[in-house]
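Q: Here it is, the structure in full.
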Amino acid sequence: MNKITAYLASSLLAVSIFTACKQERKLPFYGERHAETVRDAAGVEKIDTVYQTIPDWSFLNQDSVVTTSKATDGKVYIADFFFTSCTTICPTMHRNLATVFSEFKLNPDVMFVSHTIDFKYDKPSVLKKYAQKLGVDGSKWLFLYGSKDSVYTLAEKNYLVAVGEDSTAKDGYIHQGYLVLIDKDRHIRGAYDGTKEEQVEQLKKDIPVLLAEYNK
Amino acid sequence: MSNGKDIYKAKCQNCHGENGEGLGQLAPPLTDSVFLKTNKNRLACFIKNGANESLMIHGKEYKEKMPAFPELADIDVAQVMVYITNSFGNKQGFVPYSQVSKHLQNCK
């Protein structure tokens with residue numbers, strides 16, 4: 001192949017990729033990725049990209065029932081980190097997330113998972129009261145309690161959300177207000193600032209785009 | 001009034017909402033004109049020192065804790081008070097700064 005045909009071929013490829021994108025928007029993958037050699041069904045070796053994956057977890061939910069990552073198997077879900085006595089960003093995050101919740105309330109493929117970072121005070125009974133008062137108590141929106149280590153590691157290493165204890169902060173903890181969108185294969189497909197209405201509106205548009213990937 | 005609105009947006013709106021609608025049972029609405037009028041003399045203290053008691057707003061009970069805002073000067077409290085008592089359907093008119101100061105000296 002000479003240079004010109006190679007150039008033509010690659011620009012044709014670019015055009016077809018471009019039109020494909022225009023027809024179906026696809027959400028990006030976030031986090032670390034690496035290439036791995038896998039065998040397909042026929043035993044042929046090929047190189048696959050492996051994306052950052054949320055590991056198995058096990059916590060207590062707002063009903064004090066042990067709840068594991070099985071609860072979100074086969075679901076698209078939105079995860080966040082908060083605490084009930086947070087007087088700054090959390091009320092806004094959850095006011096906004098509650099509007100996403102009501103929009104997708106009837107969709108069995110969508111779930112919500114809020115992890116408390118206040119391991120001292122936010123026992124399941126406190127989470128239960130909070131969920132009831134927010135008006136979202138039920139199995140579709142999990143409020144999870146766990147040890148400091150397990151929750152903080154999950155936040156920082158896996159969901160890529162910064163959290164921490166800080167005695168100089170108004171309420172004793174600092175954390176980012178991201179709403180993290182996770183796909184059915186536990187990959188990170190979006191992160192939206194839950195305190196910003198425009199970003200939460202974007203999340204509402206992105207959930208159906210992600211769900212559409214599974215309808216093929 | 002515009003300063004009162006800025007304070008409201010920065011410090012109060014997260015819980016009480018853009019239109020004073022509150023947040024579920026976690027934070028009460030600021031639309032109960034009767035409550036605001038009857039408790040006129042306590043509002044400044046609620047705002048500066050927070051609140052942690054059972055309050056009946058629009059016939060519903062609220063008892064979550066509202067944080068204190070010690071950083072607000074008396075004049076800021078007066079301004080945000082004027083803002084909330086004249087927004088969201090409330091119309092209570094001007095609150096003299098001197099009165100707010102007096103209330104704040106006598107908070108329980």
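Ligands are numbered from 1 in the order shown, residues from 1 within each chain, and chains are lettered A, B, ... in the order they appear in the structure tokens.
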So that I can check the surroundings of region 174-184 of chain A, please list as a list of chain:residue names every protein, DNA and RNA residue that reaches within 6 Å of it, counting only C-alpha atoms and ignoring chain neighbours fewer than 2 positions away.

A: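 Contacts, with the query itself left out: A:Gly74, A:Lys75, A:Val76, A:Tyr77, A:Ile78, A:Ala79, A:Asp80, A:Ala162, A:Val163, A:Gly164, A:Arg186, A:His187, A:Ile188, A:Arg189, A:Gly190, A:Ala191, A:Tyr192, A:Asp193, A:Gly194.
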
Q: Only all heavy atoms, please: the residues just picked out, written as a tab-separated table (two decimals), in the first residue's frame.

A:
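Once everything was written out, this is part26.tsv:
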chain	number	residue	atom	x	y	z
A	74	GLY	N	-25.82	-6.75	37.98
A	74	GLY	CA	-26.76	-6.58	36.88
A	74	GLY	C	-27.47	-5.24	36.88
A	74	GLY	O	-28.46	-5.05	36.19
A	75	LYS	N	-26.97	-4.31	37.70
A	75	LYS	CA	-27.59	-2.98	37.75
A	75	LYS	C	-26.57	-1.92	37.35
A	75	LYS	O	-25.37	-2.09	37.54
A	75	LYS	CB	-28.03	-2.63	39.18
A	75	LYS	CG	-28.78	-3.71	39.88
A	75	LYS	CD	-30.25	-3.58	39.66
A	75	LYS	CE	-30.98	-4.64	40.47
A	75	LYS	NZ	-32.38	-4.75	40.12
A	76	VAL	N	-27.11	-0.84	36.84
A	76	VAL	CA	-26.34	0.39	36.72
A	76	VAL	C	-26.61	1.12	38.03
A	76	VAL	O	-27.73	1.13	38.50
A	76	VAL	CB	-26.90	1.17	35.51
A	76	VAL	CG1	-26.63	2.65	35.64
A	76	VAL	CG2	-26.32	0.61	34.21
A	77	TYR	N	-25.56	1.64	38.67
A	77	TYR	CA	-25.86	2.36	39.92
A	77	TYR	C	-25.03	3.61	40.10
A	77	TYR	O	-24.01	3.80	39.45
A	77	TYR	CB	-25.76	1.44	41.13
A	77	TYR	CG	-24.37	0.96	41.50
A	77	TYR	CD1	-23.64	1.63	42.49
A	77	TYR	CD2	-23.81	-0.16	40.91
A	77	TYR	CE1	-22.38	1.18	42.86
A	77	TYR	CE2	-22.55	-0.60	41.27
A	77	TYR	CZ	-21.84	0.07	42.25
A	77	TYR	OH	-20.58	-0.35	42.60
A	78	ILE	N	-25.54	4.46	40.97
A	78	ILE	CA	-24.87	5.72	41.29
A	78	ILE	C	-24.42	5.63	42.74
A	78	ILE	O	-25.22	5.33	43.62
A	78	ILE	CB	-25.82	6.91	41.10
A	78	ILE	CG1	-26.21	7.00	39.63
A	78	ILE	CG2	-25.16	8.23	41.53
A	78	ILE	CD1	-27.61	6.75	39.35
A	79	ALA	N	-23.11	5.86	42.97
A	79	ALA	CA	-22.57	5.75	44.32
A	79	ALA	C	-22.09	7.13	44.78
A	79	ALA	O	-21.63	7.94	43.97
A	79	ALA	CB	-21.40	4.77	44.33
A	80	ASP	N	-22.22	7.36	46.08
A	80	ASP	CA	-21.63	8.58	46.63
A	80	ASP	C	-21.19	8.36	48.07
A	80	ASP	O	-21.49	7.32	48.67
A	80	ASP	CB	-22.57	9.79	46.49
A	80	ASP	CG	-23.74	9.76	47.46
A	80	ASP	OD1	-23.91	8.76	48.19
A	80	ASP	OD2	-24.50	10.74	47.49
A	162	ALA	N	-12.18	11.52	46.99
A	162	ALA	CA	-11.37	11.83	48.17
A	162	ALA	C	-12.25	11.99	49.40
A	162	ALA	O	-13.26	12.69	49.37
A	162	ALA	CB	-10.57	13.10	47.93
A	163	VAL	N	-11.89	11.32	50.49
A	163	VAL	CA	-12.62	11.43	51.76
A	163	VAL	C	-11.59	11.48	52.90
A	163	VAL	O	-10.47	11.03	52.73
A	163	VAL	CB	-13.57	10.24	52.01
A	163	VAL	CG1	-14.60	10.11	50.92
A	163	VAL	CG2	-12.79	8.93	52.15
A	164	GLY	N	-11.99	12.02	54.02
A	164	GLY	CA	-11.06	12.02	55.15
A	164	GLY	C	-11.64	12.62	56.40
A	164	GLY	O	-12.62	13.36	56.35
A	186	ARG	N	-19.41	-3.14	36.65
A	186	ARG	CA	-18.71	-2.47	37.75
A	186	ARG	C	-17.57	-1.55	37.30
A	186	ARG	O	-16.59	-1.39	38.00
A	186	ARG	CB	-18.16	-3.49	38.75
A	186	ARG	CG	-19.22	-4.29	39.46
A	186	ARG	CD	-18.60	-4.88	40.70
A	186	ARG	NE	-19.19	-6.13	41.09
A	186	ARG	CZ	-18.64	-6.96	41.97
A	186	ARG	NH1	-17.48	-6.66	42.52
A	186	ARG	NH2	-19.25	-8.09	42.30
A	187	HIS	N	-17.70	-0.99	36.11
A	187	HIS	CA	-16.72	-0.02	35.66
A	187	HIS	C	-17.26	1.40	35.87
A	187	HIS	O	-18.46	1.62	35.81
A	187	HIS	CB	-16.40	-0.21	34.17
A	187	HIS	CG	-15.81	-1.56	33.87
A	187	HIS	ND1	-16.19	-2.31	32.79
A	187	HIS	CD2	-14.90	-2.28	34.55
A	187	HIS	CE1	-15.51	-3.45	32.79
A	187	HIS	NE2	-14.72	-3.45	33.85
A	188	ILE	N	-16.33	2.34	36.09
A	188	ILE	CA	-16.73	3.74	36.31
A	188	ILE	C	-16.99	4.40	34.96
A	188	ILE	O	-16.11	4.46	34.10
A	188	ILE	CB	-15.61	4.52	37.04
A	188	ILE	CG1	-15.25	3.82	38.35
A	188	ILE	CG2	-16.04	5.97	37.28
A	188	ILE	CD1	-14.08	4.48	39.08
A	189	ARG	N	-18.19	4.92	34.77
A	189	ARG	CA	-18.55	5.51	33.48
A	189	ARG	C	-18.87	7.00	33.56
A	189	ARG	O	-19.18	7.62	32.54
A	189	ARG	CB	-19.73	4.74	32.89
A	189	ARG	CG	-19.48	3.25	32.75
A	189	ARG	CD	-18.28	2.94	31.85
A	189	ARG	NE	-18.53	3.35	30.49
A	189	ARG	CZ	-19.16	2.60	29.59
A	189	ARG	NH1	-19.58	1.39	29.90
A	189	ARG	NH2	-19.36	3.05	28.36
A	190	GLY	N	-18.82	7.54	34.76
A	190	GLY	CA	-19.06	8.97	34.87
A	190	GLY	C	-18.91	9.42	36.31
A	190	GLY	O	-19.06	8.61	37.23
A	191	ALA	N	-18.57	10.70	36.49
A	191	ALA	CA	-18.50	11.28	37.84
A	191	ALA	C	-19.04	12.70	37.73
A	191	ALA	O	-18.59	13.47	36.89
A	191	ALA	CB	-17.07	11.28	38.34
A	192	TYR	N	-20.04	13.01	38.53
A	192	TYR	CA	-20.78	14.27	38.40
A	192	TYR	C	-20.76	14.95	39.76
A	192	TYR	O	-21.00	14.31	40.78
A	192	TYR	CB	-22.23	13.98	37.98
A	192	TYR	CG	-22.30	13.06	36.79
A	192	TYR	CD1	-22.15	11.67	36.95
A	192	TYR	CD2	-22.46	13.56	35.50
A	192	TYR	CE1	-22.17	10.82	35.86
A	192	TYR	CE2	-22.48	12.71	34.40
A	192	TYR	CZ	-22.33	11.34	34.58
A	192	TYR	OH	-22.35	10.50	33.51
A	193	ASP	N	-20.49	16.25	39.75
A	193	ASP	CA	-20.50	17.00	41.00
A	193	ASP	C	-21.95	17.15	41.48
A	193	ASP	O	-22.74	17.86	40.85
A	193	ASP	CB	-19.85	18.37	40.78
A	193	ASP	CG	-19.74	19.15	42.08
A	193	ASP	OD1	-20.52	18.89	43.01
A	193	ASP	OD2	-18.86	20.03	42.16
A	194	GLY	N	-22.27	16.48	42.55
A	194	GLY	CA	-23.65	16.43	43.04
A	194	GLY	C	-24.16	17.76	43.58
A	194	GLY	O	-25.34	17.90	43.87

Q: Going by DSSP on the backbone, which residues of region 26-162 of chain A come out as strand (DSSP E)? List them as a PyMOL selection string.

A: chain A and resi 33-39+45-51+58-60+66-68+76-82+110-116+141-144

Q: Considering only alpha helix (DSSP H) as DSSP defines it on the backbone, what residues of region 10-77 of chain B qualify? List them as an NGL selection string.

A: :B and (10-11 or 13-16 or 33-38 or 43-49 or 74-77)

Q: Would you list the contacts of Val38 (chain A) as a PyMOL selection string, taking every protein, DNA or RNA residue within 12 Å and counting only C-alpha atoms, but skipping same-chain residues closer than 3 positions in sequence?

A: chain A and resi 35+41-50

Q: Residues at most 8 Å from Ile57 (chain B), counting only C-alpha atoms, excluding those fewer than 3 positions away in the same chain, as a list in words?

A: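 Everything that qualifies: Pro28, Pro29, Asp32, Phe35, Lys60, Glu61 and Tyr62 of chain B.
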
Q: Could you please tell me, as a list of chain:residue names, which residues of chain A have an atom within 6 Å of chain B when using only C-alpha atoms?

A: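 Applying the cut-off to the listed atoms yields A:Pro91, A:Thr92, A:Lys133, A:Leu134.
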
Q: Could you give me, as a ChimeraX atom specification, the residues within 10 Å of Asp137 (chain A), counting only C-alpha atoms and dropping anything in the same chain fewer than 5 positions from it?

A: /A:62-63,127-132,142-143

Q: Just the residues within 10 Å of Val65 (chain A), please, counting only C-alpha atoms, with nothing from its chain fewer than 6 positions along; format it as a list in words.

A: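 In the requested form, the answer reads Phe59, Pro124 and Leu144 of chain A.
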
Q: Please identify all polymer residues within 7 Å of region 41-52 of chain B, counting only C-alpha atoms, omitting same-chain residues fewer than 5 positions from it, and present them as a PyMOL selection string.

A: chain B and resi 63-70+72+77+100+103-104+107

Q: Output all heavy atoms for every residue in the selection just made, as an mmCIF file, in the first residue's frame.

A:
data_model
loop_
_atom_site.group_PDB
_atom_site.id
_atom_site.type_symbol
_atom_site.label_atom_id
_atom_site.label_comp_id
_atom_site.auth_asym_id
_atom_site.auth_seq_id
_atom_site.Cartn_x
_atom_site.Cartn_y
_atom_site.Cartn_z
ATOM 1 N N LYS B 63 -37.441 17.969 63.877
ATOM 2 C CA LYS B 63 -36.586 18.009 65.063
ATOM 3 C C LYS B 63 -35.139 17.657 64.765
ATOM 4 O O LYS B 63 -34.405 17.243 65.642
ATOM 5 C CB LYS B 63 -37.166 17.124 66.164
ATOM 6 C CG LYS B 63 -37.489 15.732 65.702
ATOM 7 C CD LYS B 63 -38.083 14.919 66.838
ATOM 8 C CE LYS B 63 -38.401 13.540 66.328
ATOM 9 N NZ LYS B 63 -39.262 12.760 67.193
ATOM 10 N N GLU B 64 -34.731 17.819 63.519
ATOM 11 C CA GLU B 64 -33.302 17.663 63.226
ATOM 12 C C GLU B 64 -32.584 18.902 63.730
ATOM 13 O O GLU B 64 -33.195 19.917 64.059
ATOM 14 C CB GLU B 64 -33.092 17.509 61.719
ATOM 15 C CG GLU B 64 -33.558 16.174 61.160
ATOM 16 C CD GLU B 64 -32.836 14.980 61.767
ATOM 17 O OE1 GLU B 64 -31.593 14.999 61.765
ATOM 18 O OE2 GLU B 64 -33.504 14.052 62.251
ATOM 19 N N LYS B 65 -31.265 18.802 63.754
ATOM 20 C CA LYS B 65 -30.492 19.901 64.298
ATOM 21 C C LYS B 65 -30.122 20.902 63.199
ATOM 22 O O LYS B 65 -29.660 20.507 62.138
ATOM 23 C CB LYS B 65 -29.220 19.289 64.896
ATOM 24 C CG LYS B 65 -28.436 20.233 65.725
ATOM 25 C CD LYS B 65 -27.370 19.458 66.497
ATOM 26 C CE LYS B 65 -26.276 20.418 66.852
ATOM 27 N NZ LYS B 65 -24.972 19.829 66.891
ATOM 28 N N MET B 66 -30.354 22.161 63.477
ATOM 29 C CA MET B 66 -29.840 23.195 62.567
ATOM 30 C C MET B 66 -28.526 23.714 63.141
ATOM 31 O O MET B 66 -28.437 23.986 64.331
ATOM 32 C CB MET B 66 -30.848 24.341 62.444
ATOM 33 C CG MET B 66 -30.216 25.583 61.853
ATOM 34 S SD MET B 66 -31.366 26.678 61.060
ATOM 35 C CE MET B 66 -30.465 28.218 61.186
ATOM 36 N N PRO B 67 -27.477 23.822 62.292
ATOM 37 C CA PRO B 67 -26.174 24.266 62.810
ATOM 38 C C PRO B 67 -26.193 25.746 63.185
ATOM 39 O O PRO B 67 -27.020 26.504 62.704
ATOM 40 C CB PRO B 67 -25.229 24.030 61.622
ATOM 41 C CG PRO B 67 -26.094 24.091 60.414
ATOM 42 C CD PRO B 67 -27.440 23.559 60.844
ATOM 43 N N ALA B 68 -25.251 26.150 64.026
ATOM 44 C CA ALA B 68 -25.082 27.559 64.388
ATOM 45 C C ALA B 68 -24.242 28.254 63.317
ATOM 46 O O ALA B 68 -23.472 27.603 62.613
ATOM 47 C CB ALA B 68 -24.390 27.655 65.739
ATOM 48 N N PHE B 69 -24.429 29.537 63.197
ATOM 49 C CA PHE B 69 -23.608 30.327 62.275
ATOM 50 C C PHE B 69 -22.947 31.468 63.040
ATOM 51 O O PHE B 69 -23.293 32.631 62.853
ATOM 52 C CB PHE B 69 -24.462 30.859 61.116
ATOM 53 C CG PHE B 69 -24.965 29.765 60.225
ATOM 54 C CD1 PHE B 69 -26.204 29.183 60.450
ATOM 55 C CD2 PHE B 69 -24.177 29.290 59.176
ATOM 56 C CE1 PHE B 69 -26.659 28.145 59.635
ATOM 57 C CE2 PHE B 69 -24.627 28.257 58.364
ATOM 58 C CZ PHE B 69 -25.867 27.681 58.596
ATOM 59 N N PRO B 70 -21.978 31.121 63.900
ATOM 60 C CA PRO B 70 -21.346 32.144 64.742
ATOM 61 C C PRO B 70 -20.614 33.199 63.921
ATOM 62 O O PRO B 70 -20.381 34.304 64.404
ATOM 63 C CB PRO B 70 -20.370 31.337 65.610
ATOM 64 C CG PRO B 70 -20.159 30.059 64.890
ATOM 65 C CD PRO B 70 -21.409 29.789 64.114
ATOM 66 N N LEU B 72 -21.703 34.831 61.468
ATOM 67 C CA LEU B 72 -22.571 35.900 60.980
ATOM 68 C C LEU B 72 -22.618 37.038 62.002
ATOM 69 O O LEU B 72 -22.955 36.831 63.166
ATOM 70 C CB LEU B 72 -23.993 35.377 60.738
ATOM 71 C CG LEU B 72 -24.205 34.385 59.588
ATOM 72 C CD1 LEU B 72 -25.677 33.989 59.508
ATOM 73 C CD2 LEU B 72 -23.750 34.964 58.251
ATOM 74 N N VAL B 77 -27.193 38.710 60.145
ATOM 75 C CA VAL B 77 -28.389 38.012 60.620
ATOM 76 C C VAL B 77 -29.625 38.826 60.254
ATOM 77 O O VAL B 77 -30.611 38.290 59.733
ATOM 78 C CB VAL B 77 -28.324 37.776 62.152
ATOM 79 C CG1 VAL B 77 -29.634 37.169 62.656
ATOM 80 C CG2 VAL B 77 -27.148 36.874 62.511
ATOM 81 N N VAL B 100 -32.847 43.348 65.988
ATOM 82 C CA VAL B 100 -32.156 42.067 65.830
ATOM 83 C C VAL B 100 -31.013 41.966 66.843
ATOM 84 O O VAL B 100 -30.838 40.943 67.508
ATOM 85 C CB VAL B 100 -31.633 41.909 64.386
ATOM 86 C CG1 VAL B 100 -30.743 40.685 64.253
ATOM 87 C CG2 VAL B 100 -32.787 41.823 63.413
ATOM 88 N N HIS B 103 -32.410 41.176 70.190
ATOM 89 C CA HIS B 103 -32.795 39.762 70.291
ATOM 90 C C HIS B 103 -31.567 38.889 70.496
ATOM 91 O O HIS B 103 -31.594 37.950 71.286
ATOM 92 C CB HIS B 103 -33.533 39.312 69.021
ATOM 93 C CG HIS B 103 -34.896 39.898 68.881
ATOM 94 N ND1 HIS B 103 -35.535 40.001 67.670
ATOM 95 C CD2 HIS B 103 -35.739 40.416 69.794
ATOM 96 C CE1 HIS B 103 -36.716 40.564 67.842
ATOM 97 N NE2 HIS B 103 -36.859 40.828 69.127
ATOM 98 N N LEU B 104 -30.516 39.207 69.766
ATOM 99 C CA LEU B 104 -29.323 38.354 69.825
ATOM 100 C C LEU B 104 -28.635 38.429 71.198
ATOM 101 O O LEU B 104 -27.995 37.483 71.623
ATOM 102 C CB LEU B 104 -28.339 38.729 68.716
ATOM 103 C CG LEU B 104 -28.767 38.273 67.318
ATOM 104 C CD1 LEU B 104 -27.847 38.838 66.256
ATOM 105 C CD2 LEU B 104 -28.813 36.753 67.216
ATOM 106 N N CYS B 107 -30.586 35.821 73.594
ATOM 107 C CA CYS B 107 -30.847 34.433 73.192
ATOM 108 C C CYS B 107 -30.735 33.534 74.405
ATOM 109 O O CYS B 107 -29.866 33.725 75.252
ATOM 110 C CB CYS B 107 -29.820 33.974 72.157
ATOM 111 S SG CYS B 107 -30.052 34.691 70.539
#
